[in-house]
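Next comes entry-v4.txt, a file with compact mmCIF, C-alpha atoms.
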# COMPACT_ATOMS: atom_id res chain seq x y z
CA ASP F 24 0.00 0.00 0.00
CA LEU F 25 1.58 3.27 -1.14
CA GLN F 26 -0.04 5.19 1.69
CA ASN F 27 1.84 3.13 4.27
CA THR F 28 5.23 3.62 2.63
CA GLY F 29 5.94 7.09 3.99
CA VAL F 30 6.58 10.32 2.11
CA ILE F 31 10.24 9.53 1.31
CA GLY F 32 9.35 6.07 0.06
CA VAL F 33 6.53 7.39 -2.09
CA MET F 34 8.86 10.07 -3.47
CA GLY F 35 11.21 7.29 -4.56
CA ILE F 36 8.33 5.45 -6.21
CA ALA F 37 7.25 8.70 -7.89
CA PHE F 38 10.78 9.17 -9.25
CA VAL F 39 10.72 5.68 -10.80
CA VAL F 40 7.23 6.33 -12.20
CA GLY F 41 8.61 9.46 -13.88
CA ILE F 42 11.41 7.46 -15.49
CA LEU F 43 8.87 4.94 -16.78
CA LEU F 44 6.82 7.73 -18.36
CA ASN F 45 9.58 8.04 -20.94
CA ILE F 46 8.91 4.55 -22.31
CA MET F 47 5.11 4.53 -22.16
CA PRO F 48 3.38 4.41 -25.57
CA CYS F 49 1.66 7.77 -25.23
CA VAL F 50 5.02 9.51 -24.75
CA LEU F 51 6.50 8.03 -27.93
CA PRO F 52 5.38 11.02 -30.06
CA VAL F 53 7.53 13.20 -27.78
CA LEU F 54 10.71 11.24 -28.56
CA PRO F 55 11.49 13.16 -31.78
CA ILE F 56 11.52 16.35 -29.71
CA LYS F 57 13.90 14.84 -27.16
CA ALA F 58 16.12 13.32 -29.85
CA LEU F 59 16.39 16.62 -31.66
CA GLY F 60 17.16 18.46 -28.41
CA PHE F 61 19.94 16.07 -27.50
CA TYR F 62 21.28 16.19 -31.04
CA GLU F 63 21.56 19.98 -30.77
CA ALA F 64 22.97 19.89 -27.22
CA ALA F 65 25.71 17.43 -28.22
CA LYS F 66 27.29 20.07 -30.45
CA GLN F 67 28.22 22.12 -27.39
CA ARG F 68 31.11 21.70 -24.98
CA ARG F 69 30.51 18.96 -22.43
CA PHE F 70 29.86 21.37 -19.55
CA LYS F 71 27.45 23.49 -21.56
CA CYS F 72 25.72 20.36 -22.85
CA PHE F 73 25.18 19.25 -19.25
CA MET F 74 23.89 22.69 -18.23
CA LEU F 75 21.43 22.61 -21.14
CA GLY F 76 20.26 19.25 -19.78
CA VAL F 77 19.86 20.79 -16.31
CA VAL F 78 17.75 23.63 -17.69
CA PHE F 79 15.65 21.22 -19.77
CA SER F 80 15.10 19.14 -16.61
CA LEU F 81 14.05 22.21 -14.64
CA GLY F 82 11.44 22.92 -17.32
CA VAL F 83 10.02 19.40 -16.93
CA ILE F 84 10.04 19.54 -13.12
CA ALA F 85 8.52 23.03 -12.96
CA THR F 86 5.68 21.97 -15.24
CA PHE F 87 4.77 18.96 -13.12
CA ALA F 88 4.79 21.17 -10.03
CA ALA F 89 2.63 23.79 -11.75
CA LEU F 90 0.16 21.18 -13.02
CA ALA F 91 -0.06 19.57 -9.60
CA ILE F 92 -1.01 22.71 -7.67
CA PRO F 93 -4.47 23.40 -9.20
CA ILE F 94 -5.33 19.70 -9.43
CA LEU F 95 -4.52 19.05 -5.78
CA ALA F 96 -5.89 22.36 -4.51
CA LEU F 97 -9.24 21.93 -6.25
CA GLY F 98 -9.44 18.24 -5.40
CA ALA F 99 -11.26 15.34 -7.01
CA GLU F 100 -14.48 17.34 -7.38
CA SER F 101 -12.86 19.81 -9.77
CA ARG F 102 -13.19 19.65 -13.52
CA LEU F 103 -9.40 19.85 -13.86
CA ASN F 104 -8.15 16.27 -13.99
CA TRP F 105 -4.81 14.89 -15.11
CA GLY F 106 -4.74 14.84 -18.91
CA GLU F 107 -8.26 16.27 -19.26
CA MET F 108 -6.88 19.51 -20.66
CA PHE F 109 -6.21 17.69 -23.94
CA SER F 110 -9.99 17.45 -24.35
CA ASN F 111 -10.20 21.24 -24.32
CA VAL F 112 -10.38 22.59 -27.87
CA TYR F 113 -8.41 25.75 -27.05
CA PHE F 114 -5.64 23.87 -25.27
CA ALA F 115 -5.42 21.28 -28.06
CA ALA F 116 -5.27 24.13 -30.60
CA ALA F 117 -2.46 25.83 -28.68
CA ILE F 118 -0.40 22.62 -28.43
CA THR F 119 -1.00 21.83 -32.11
CA LEU F 120 0.10 25.32 -33.17
CA ILE F 121 3.22 25.11 -30.99
CA LEU F 122 4.17 21.78 -32.55
CA LEU F 123 3.47 23.09 -36.06
CA ALA F 124 5.64 26.13 -35.33
CA ALA F 125 8.37 23.85 -33.98
CA ALA F 126 8.18 21.71 -37.12
CA LEU F 127 8.39 24.74 -39.41
CA GLY F 128 11.22 26.23 -37.36
CA THR F 129 13.14 22.95 -37.42
CA PHE F 130 12.64 22.72 -41.16
CA GLY F 131 14.13 26.19 -41.47
CA ILE F 132 11.05 28.04 -42.73
CA PHE F 133 11.27 30.80 -40.11
CA GLU F 134 14.84 31.54 -41.12
CA PHE F 135 13.53 32.70 -44.49
CA ILE F 136 10.17 34.34 -43.75
CA LEU F 137 10.80 36.09 -40.42
CA PRO F 138 13.31 38.74 -39.35
CA THR F 139 16.37 37.51 -37.48
CA LYS F 140 15.31 39.17 -34.21
CA VAL F 141 12.01 37.30 -34.25
CA TYR F 142 13.74 33.99 -34.92
CA ALA F 143 16.02 34.62 -31.93
CA PHE F 144 13.03 34.20 -29.61
CA SER F 145 12.04 30.76 -30.94
CA PRO F 146 12.66 27.81 -28.57
CA ARG F 147 16.04 26.59 -29.79
CA HIS F 148 17.75 23.48 -28.48
CA ASP F 149 21.15 25.13 -28.13
CA THR F 150 20.07 27.93 -25.74
CA PHE F 151 19.11 27.87 -22.07
CA THR F 152 15.76 29.56 -22.68
CA GLY F 153 14.99 27.21 -25.54
CA ASN F 154 15.78 24.12 -23.48
CA PHE F 155 13.60 25.32 -20.60
CA LEU F 156 10.69 25.86 -23.02
CA TRP F 157 11.25 22.43 -24.59
CA GLY F 158 11.22 20.93 -21.10
CA ILE F 159 7.84 22.53 -20.45
CA LEU F 160 6.44 21.29 -23.76
CA THR F 161 7.73 17.76 -23.21
CA ALA F 162 6.16 17.58 -19.74
CA VAL F 163 2.82 18.94 -20.97
CA LEU F 164 2.68 16.42 -23.81
CA SER F 165 3.25 13.60 -21.31
CA THR F 166 0.18 14.39 -19.21
CA PRO F 167 -2.29 12.16 -21.14
CA CYS F 168 -0.02 9.20 -20.37
CA THR F 169 -1.10 7.15 -17.37
CA PHE F 170 -0.50 3.62 -16.21
CA GLY F 171 -1.22 1.64 -13.06
CA ALA F 172 1.53 2.96 -10.79
CA PHE F 173 1.06 6.55 -11.97
CA ALA F 174 -2.71 6.39 -11.40
CA ALA F 175 -2.15 4.95 -7.92
CA LEU F 176 0.32 7.73 -7.18
CA LEU F 177 -2.22 10.34 -8.28
CA ALA F 178 -4.84 8.79 -6.02
CA VAL F 179 -2.43 8.96 -3.07
CA ALA F 180 -1.41 12.54 -3.90
CA LEU F 181 -5.06 13.66 -3.94
CA LYS F 182 -5.47 12.42 -0.37
CA GLN F 183 -2.46 14.36 0.93
CA PRO F 184 -2.13 18.04 1.86
CA ALA F 185 -1.53 20.11 -1.29
CA ILE F 186 2.14 20.69 -0.48
CA VAL F 187 2.85 16.97 0.01
CA GLY F 188 0.94 16.03 -3.13
CA THR F 189 2.80 18.66 -5.12
CA ILE F 190 6.14 17.29 -3.88
CA LEU F 191 5.14 13.79 -4.96
CA LEU F 192 4.14 14.87 -8.46
CA THR F 193 7.23 17.06 -8.73
CA SER F 194 9.22 13.90 -8.02
CA VAL F 195 7.55 12.36 -11.07
CA GLY F 196 8.87 15.28 -13.12
CA ALA F 197 12.35 14.74 -11.69
CA GLY F 198 12.21 11.10 -12.70
CA MET F 199 11.01 11.90 -16.19
CA ALA F 200 13.82 14.42 -16.65
CA PHE F 201 16.55 12.18 -15.22
CA PRO F 202 17.35 10.14 -18.39
CA TYR F 203 17.83 13.32 -20.42
CA LEU F 204 19.99 14.81 -17.70
CA LEU F 205 22.09 11.64 -17.65
CA LEU F 206 22.50 11.65 -21.42
CA SER F 207 23.45 15.31 -21.42
CA ALA F 208 26.23 14.51 -18.93
CA PHE F 209 27.66 11.83 -21.28
CA PRO F 210 27.12 13.15 -24.81
CA GLY F 211 30.03 11.30 -26.38
CA TRP F 212 27.90 8.90 -28.43
CA ALA F 213 25.98 11.77 -30.03
CA ARG F 214 29.17 13.48 -31.14
CA SER F 215 29.49 10.77 -33.79
CA LEU F 216 26.55 12.45 -35.52
CA PRO F 217 27.43 15.08 -38.11
CA ALA F 218 28.09 18.37 -36.31
CA GLY F 219 26.94 20.56 -39.16
CA GLY F 220 26.58 20.87 -42.88
CA LYS F 221 24.05 19.48 -45.31
CA ILE F 222 23.71 16.04 -43.72
CA ALA F 223 22.93 17.61 -40.35
CA ASN F 224 20.24 19.75 -41.97
CA VAL F 225 18.66 16.66 -43.54
CA VAL F 226 18.54 14.98 -40.11
CA LYS F 227 16.88 18.05 -38.61
CA GLN F 228 14.39 18.34 -41.47
CA SER F 229 13.42 14.68 -41.11
CA MET F 230 12.74 15.36 -37.43
CA ALA F 231 10.54 18.27 -38.53
CA PHE F 232 8.25 15.84 -40.36
CA LEU F 233 7.99 13.73 -37.20
CA LEU F 234 7.05 16.85 -35.22
CA LEU F 235 4.33 17.45 -37.81
CA ALA F 236 3.02 13.91 -37.24
CA THR F 237 3.00 14.61 -33.50
CA ALA F 238 0.93 17.75 -34.10
CA ILE F 239 -1.64 15.74 -36.07
CA PHE F 240 -1.88 13.22 -33.22
CA PHE F 241 -2.63 15.86 -30.58
CA ALA F 242 -5.08 17.70 -32.85
CA SER F 243 -7.81 15.05 -32.35
CA PRO F 244 -10.32 17.38 -30.60
CA LEU F 245 -9.97 19.87 -33.49
CA LEU F 246 -10.68 17.47 -36.33
CA PRO F 247 -14.11 17.54 -38.02
CA GLY F 248 -16.53 14.71 -37.39
CA TRP F 249 -16.01 13.10 -40.77
CA VAL F 250 -12.33 12.44 -39.98
CA SER F 251 -12.32 8.97 -38.48
CA GLU F 252 -9.75 7.75 -35.99
CA ALA F 253 -8.43 5.34 -38.63
CA LEU F 254 -8.04 8.13 -41.20
CA LYS F 255 -6.08 10.22 -38.69
CA TRP F 256 -3.63 7.37 -38.10
CA TRP F 257 -3.18 6.75 -41.82
CA VAL F 258 -2.46 10.45 -42.36
CA ILE F 259 0.19 10.22 -39.64
CA PHE F 260 1.63 7.17 -41.40
CA GLY F 261 1.71 9.15 -44.65
CA VAL F 262 3.71 11.93 -43.00
CA VAL F 263 6.21 9.43 -41.56
CA ALA F 264 6.49 7.66 -44.92
CA PHE F 265 7.11 11.00 -46.66
CA ALA F 266 9.79 11.81 -44.08
CA ALA F 267 11.45 8.45 -44.78
CA GLY F 268 11.41 9.05 -48.53
CA TYR F 269 12.73 12.58 -48.04
CA LEU F 270 15.61 11.25 -45.94
CA ILE F 271 16.67 8.76 -48.61
CA VAL F 272 16.39 11.19 -51.54
CA ARG F 273 18.16 14.09 -49.82
CA VAL F 274 21.04 11.93 -48.56
CA ALA F 275 21.43 10.43 -52.03
CA MET F 276 21.61 13.92 -53.50
CA ILE F 277 24.08 15.24 -50.94
CA ALA F 278 26.29 12.19 -50.38
CA PRO F 279 25.73 9.68 -53.19
CA ARG F 280 28.18 7.19 -51.72
CA ALA F 281 27.03 3.68 -50.84
CA ARG F 282 27.45 3.81 -47.05
CA PRO F 283 25.44 6.99 -46.22
CA VAL F 284 22.68 6.03 -48.68
CA ALA F 285 22.49 2.52 -47.20
CA PHE F 286 22.32 3.92 -43.66
CA ALA F 287 19.61 6.41 -44.67
CA THR F 288 17.65 3.62 -46.39
CA LEU F 289 17.90 1.36 -43.34
CA THR F 290 16.79 4.20 -41.03
CA ALA F 291 13.91 5.12 -43.34
CA GLY F 292 12.82 1.48 -43.57
CA MET F 293 12.72 1.21 -39.77
CA MET F 294 10.66 4.41 -39.55
CA VAL F 295 8.10 3.13 -42.04
CA ALA F 296 7.95 -0.35 -40.49
CA ILE F 297 7.37 0.97 -36.99
CA ALA F 298 4.78 3.49 -38.20
CA LEU F 299 2.93 0.80 -40.17
CA TRP F 300 2.92 -1.57 -37.18
CA VAL F 301 1.51 1.17 -34.94
CA VAL F 302 -1.22 2.13 -37.44
CA LEU F 303 -2.30 -1.47 -38.02
CA LEU F 304 -2.32 -2.06 -34.25
CA PHE F 305 -4.38 1.02 -33.45
CA THR F 306 -6.89 0.70 -36.30
CA ARG F 307 -7.88 -2.94 -36.01
CA GLY F 308 -11.34 -3.78 -34.67
CA ALA F 309 -11.87 -4.08 -30.94
CA GLY F 310 -15.37 -5.51 -30.59
CA ASP F 311 -18.82 -3.97 -30.75
CA TRP F 312 -19.27 -1.12 -28.29
CA THR F 313 -22.36 0.78 -27.22
CA PRO F 314 -21.82 4.54 -26.72
CA TYR F 315 -22.17 5.61 -23.10
CA SER F 316 -25.11 7.41 -21.58
CA SER F 317 -26.35 7.25 -18.00
CA ASP F 318 -29.58 5.60 -19.15
CA THR F 319 -27.73 3.01 -21.23
CA LEU F 320 -25.53 2.11 -18.28
CA ALA F 321 -28.50 1.87 -15.91
CA ARG F 322 -30.46 -0.39 -18.27
CA SER F 323 -27.41 -2.58 -18.92
CA VAL F 324 -26.67 -3.02 -15.23
CA GLU F 325 -30.29 -4.05 -14.56
CA THR F 326 -29.89 -7.09 -16.85
CA GLY F 327 -27.59 -8.74 -14.32
CA ARG F 328 -25.06 -9.51 -17.03
CA PRO F 329 -21.43 -8.35 -16.71
CA VAL F 330 -21.11 -4.76 -17.93
CA VAL F 331 -17.67 -3.64 -19.12
CA VAL F 332 -17.35 0.16 -19.22
CA LYS F 333 -14.22 1.35 -21.03
CA PHE F 334 -13.07 4.98 -20.66
CA THR F 335 -11.00 6.20 -23.60
CA ALA F 336 -10.11 9.26 -25.71
CA ASP F 337 -8.54 9.86 -29.10
CA TRP F 338 -5.61 11.69 -27.49
CA CYS F 339 -4.84 8.78 -25.12
CA THR F 340 -2.35 6.43 -26.80
CA ASN F 341 -2.29 4.09 -23.80
CA CYS F 342 -6.05 3.69 -24.27
CA LYS F 343 -5.41 2.63 -27.87
CA VAL F 344 -2.90 0.05 -26.67
CA VAL F 345 -5.49 -1.46 -24.33
CA GLU F 346 -8.16 -1.41 -27.02
CA SER F 347 -5.90 -3.11 -29.56
CA LEU F 348 -4.01 -5.65 -27.46
CA VAL F 349 -6.81 -6.54 -25.03
CA PHE F 350 -10.21 -5.86 -26.59
CA GLY F 351 -8.89 -6.48 -30.10
CA ASP F 352 -7.75 -9.98 -29.14
CA GLU F 353 -10.06 -12.61 -30.69
CA GLN F 354 -9.84 -14.97 -27.71
CA THR F 355 -10.71 -12.15 -25.33
CA GLN F 356 -13.67 -11.19 -27.50
CA ALA F 357 -14.82 -14.82 -27.52
CA GLN F 358 -14.61 -15.01 -23.72
CA LEU F 359 -16.62 -11.81 -23.36
CA ARG F 360 -19.28 -13.11 -25.78
CA GLU F 361 -19.43 -16.41 -23.89
CA ARG F 362 -20.21 -14.55 -20.68
CA GLU F 363 -22.69 -12.30 -22.52
CA ALA F 364 -20.84 -9.21 -21.36
CA ILE F 365 -22.26 -5.84 -22.37
CA LEU F 366 -19.58 -3.48 -23.70
CA ILE F 367 -19.99 0.28 -23.17
CA LYS F 368 -17.52 2.83 -24.49
CA VAL F 369 -17.11 6.16 -22.70
CA ASP F 370 -15.44 8.51 -25.18
CA LEU F 371 -13.75 11.41 -23.36
CA THR F 372 -12.17 13.06 -26.38
CA ALA F 373 -14.36 16.16 -25.91
CA SER F 374 -14.22 18.30 -22.77
CA ASP F 375 -18.03 18.20 -22.46
CA ALA F 376 -18.31 14.43 -22.89
CA PRO F 377 -21.10 13.02 -20.65
CA GLY F 378 -18.78 10.39 -19.18
CA TRP F 379 -16.51 12.77 -17.22
CA PRO F 380 -18.68 12.82 -14.05
CA LEU F 381 -18.80 9.01 -14.03
CA LEU F 382 -15.02 8.79 -14.40
CA THR F 383 -14.32 11.19 -11.54
CA SER F 384 -16.84 9.39 -9.31
CA LEU F 385 -15.07 6.07 -9.88
CA ASN F 386 -11.50 7.36 -10.22
CA PRO F 387 -10.77 10.59 -8.30
CA ALA F 388 -7.50 11.06 -10.17
CA GLY F 389 -9.46 11.31 -13.42
CA SER F 390 -6.81 9.35 -15.32
CA ILE F 391 -7.32 6.99 -18.23
CA PRO F 392 -7.09 4.22 -19.44
CA PHE F 393 -9.71 3.13 -16.92
CA THR F 394 -12.21 0.28 -17.07
CA ALA F 395 -15.06 -0.54 -14.71
CA ILE F 396 -16.83 -3.93 -14.60
CA TYR F 397 -20.29 -4.09 -13.04
CA HIS F 398 -21.70 -7.34 -11.63
CA ASN F 399 -24.93 -8.43 -9.99
CA GLY F 400 -27.24 -5.61 -10.87
CA GLY F 401 -25.25 -2.52 -10.04
CA ASN F 402 -23.08 -3.10 -6.99
CA ALA F 403 -19.85 -1.10 -6.82
CA PRO F 404 -17.80 -2.05 -9.88
CA VAL F 405 -14.39 -3.62 -9.89
CA THR F 406 -11.89 -1.49 -11.79
CA LEU F 407 -8.74 -1.64 -13.90
CA ASN F 408 -6.45 1.39 -14.13
CA GLY F 409 -3.77 2.04 -16.72
CA ILE F 410 -2.50 -0.56 -19.18
CA TYR F 411 -3.56 -4.11 -18.37
CA SER F 412 -3.66 -7.54 -20.01
CA SER F 413 -6.46 -9.78 -21.28
CA ALA F 414 -5.91 -12.03 -18.26
CA ASP F 415 -6.42 -9.04 -15.94
CA LEU F 416 -9.66 -8.11 -17.68
CA LEU F 417 -11.09 -11.62 -17.83
CA GLY F 418 -10.12 -12.20 -14.20
CA LYS F 419 -12.19 -9.16 -13.20
CA VAL F 420 -15.10 -10.25 -15.40
CA ARG F 421 -15.11 -13.69 -13.72
CA SER F 422 -14.55 -12.29 -10.23
CA ARG F 423 -18.24 -12.50 -9.25

Whole structure, structure tokens version:
Amino acid sequence: DLQNTGVIGVMGIAFVVGILLNIMPCVLPVLPIKALGFYEAAKQRRFKCFMLGVVFSLGVIATFAALAIPILALGAESRLNWGEMFSNVYFAAAITLILLAAALGTFGIFEFILPTKVYAFSPRHDTFTGNFLWGILTAVLSTPCTFGAFAALLAVALKQPAIVGTILLTSVGAGMAFPYLLLSAFPGWARSLPAGGKIANVVKQSMAFLLLATAIFFASPLLPGWVSEALKWWVIFGVVAFAAGYLIVRVAMIAPRARPVAFATLTAGMMVAIALWVVLLFTRGAGDWTPYSSDTLARSVETGRPVVVKFTADWCTNCKVVESLVFGDEQTQAQLREREAILIKVDLTASDAPGWPLLTSLNPAGSIPFTAIYHNGGNAPVTLNGIYSSADLLGKVRSR
């Protein structure tokens, strides 16, 4: 029980949770930003590279502290829950515009269409101000990412005084920043990358395409109704595929020797393969779901059959992992059909989605992925938080 561990112990757990945030699926779109930042930082002297890492880390930590204060001060009854801001159209628009600007800046557009003084204020990876701003952006983009330990930590933090809860969530930021800080202290491997010239520009421009794909991902609440989730993922795949083709063609034009072209082709092939795997994973069918409403849930519970209520959102990549690997599994679907389970989907993509009150009543932290299973005509449901397996789900379905 985390609550019996003590503040120091929970801070240690929070630090580890922050480290794990870097490898969770919903943080993967952030990796191009981090890779580009480290690539830029590695061009500096070792001490300056480390100091840039320190400033980047301070940006991450400060953001977690700032996000924690209103959430903990307002409590579970507030409408400000962890990750919920990505359902807000204005916030999603701001993040999308920032990422688009970052992509254009990385591609070099601003260098040609804006005065030099204006470009000096853009968040560059080789300045202290730029690294602090990138740290803030990286932390903000990580907020939709939750998993079991993180959700449990949020629940504990909400029960503590605001100052203690803020310290715990700040420790998560410290953990998330730690790998970058460590890499900035030992940048030797990155110095093997080209330090400048045309090849370096091609690398940066390829990263710009990946930033563009990230912007499309986080723009879900802004997309018109006719844009399906599958179409959005295939557009993202198209951007990645274009980036891969651009990398090969530009390297072949600049350095038409066999080795650099072969390396560019191998890298591009890996980009396309990974992107295709992700798209196929996230767009495959995951059973027949009934949209949530309070009346639908009440009628379903009255049948006495197991009722599986899945909370999800288009901006939650971890939710897509659960949907694909658990509910998209044919054996799992067969087991649910055998038990005549009723499947209800609570879509929280929009900030005014009707399922938000139900989520906060069942999960004070307000984090997703989250699944509730009702048994025996409406008793308190058993729940699953974060990423879980088919065995976990079926175990809960059979639990009563």

Might you pull out every residue within 10 Å of Leu160 of chain F, with all atoms listed in the file counted and same-chain residues fewer than 2 positions away left off, and present them as a PyMOL selection string? chain F and resi 53+56+82-83+86+118+121-122+154-158+162-165

Quick check, in Å to one decimal: how far apart do atom CA of Ile31 of chain F and atom CA of Ser194 of chain F lie?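 Taking atom CA of Ile31 of chain F as the start and atom CA of Ser194 of chain F as the end point, the length is 10.4 Å.
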
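Counting only C-alpha atoms, the residue from F:Asn386, F:Thr129, F:Gln358, F:Thr335 that sits nearest to Ser110 of chain F is F:Thr335.
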
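Considering the residues F:Gly41, F:Gly188, F:Pro244, F:Gly153 and counting all atoms listed in the file, Ala115 of chain F has its shortest atom-to-atom contact with F:Pro244.
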
For Phe209 of chain F, which residue out of F:Gly76, F:Pro314, F:Gly248, F:Gly35 is the nearest one, using only C-alpha atoms?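 Of the candidates, the smallest distance to Phe209 of chain F is held by F:Gly76.
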
Do you know which residues are at most 12 Å from Phe350 of chain F counting all atoms listed in the file, after dropping those on the same chain fewer than 5 positions away, and could you put them as a VMD selection string? chain F and resid 304 to 305 307 to 312 331 to 333 342 to 345 355 to 360 366 368 394 410 to 417

I'd like to know which of F:Leu270, F:Ala208, F:Ile186, F:Gly261 is closest to Lys221 of chain F, using all atoms listed in the file.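 When distances to Lys221 of chain F are compared using all atoms listed in the file, the smallest one comes from F:Leu270.
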
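Minimum atom-to-atom distances from F:Ala267, F:Ile259, F:Leu127, F:Leu181 to Pro387 of chain F were compared using all atoms listed in the file, and the lowest value belongs to F:Leu181.
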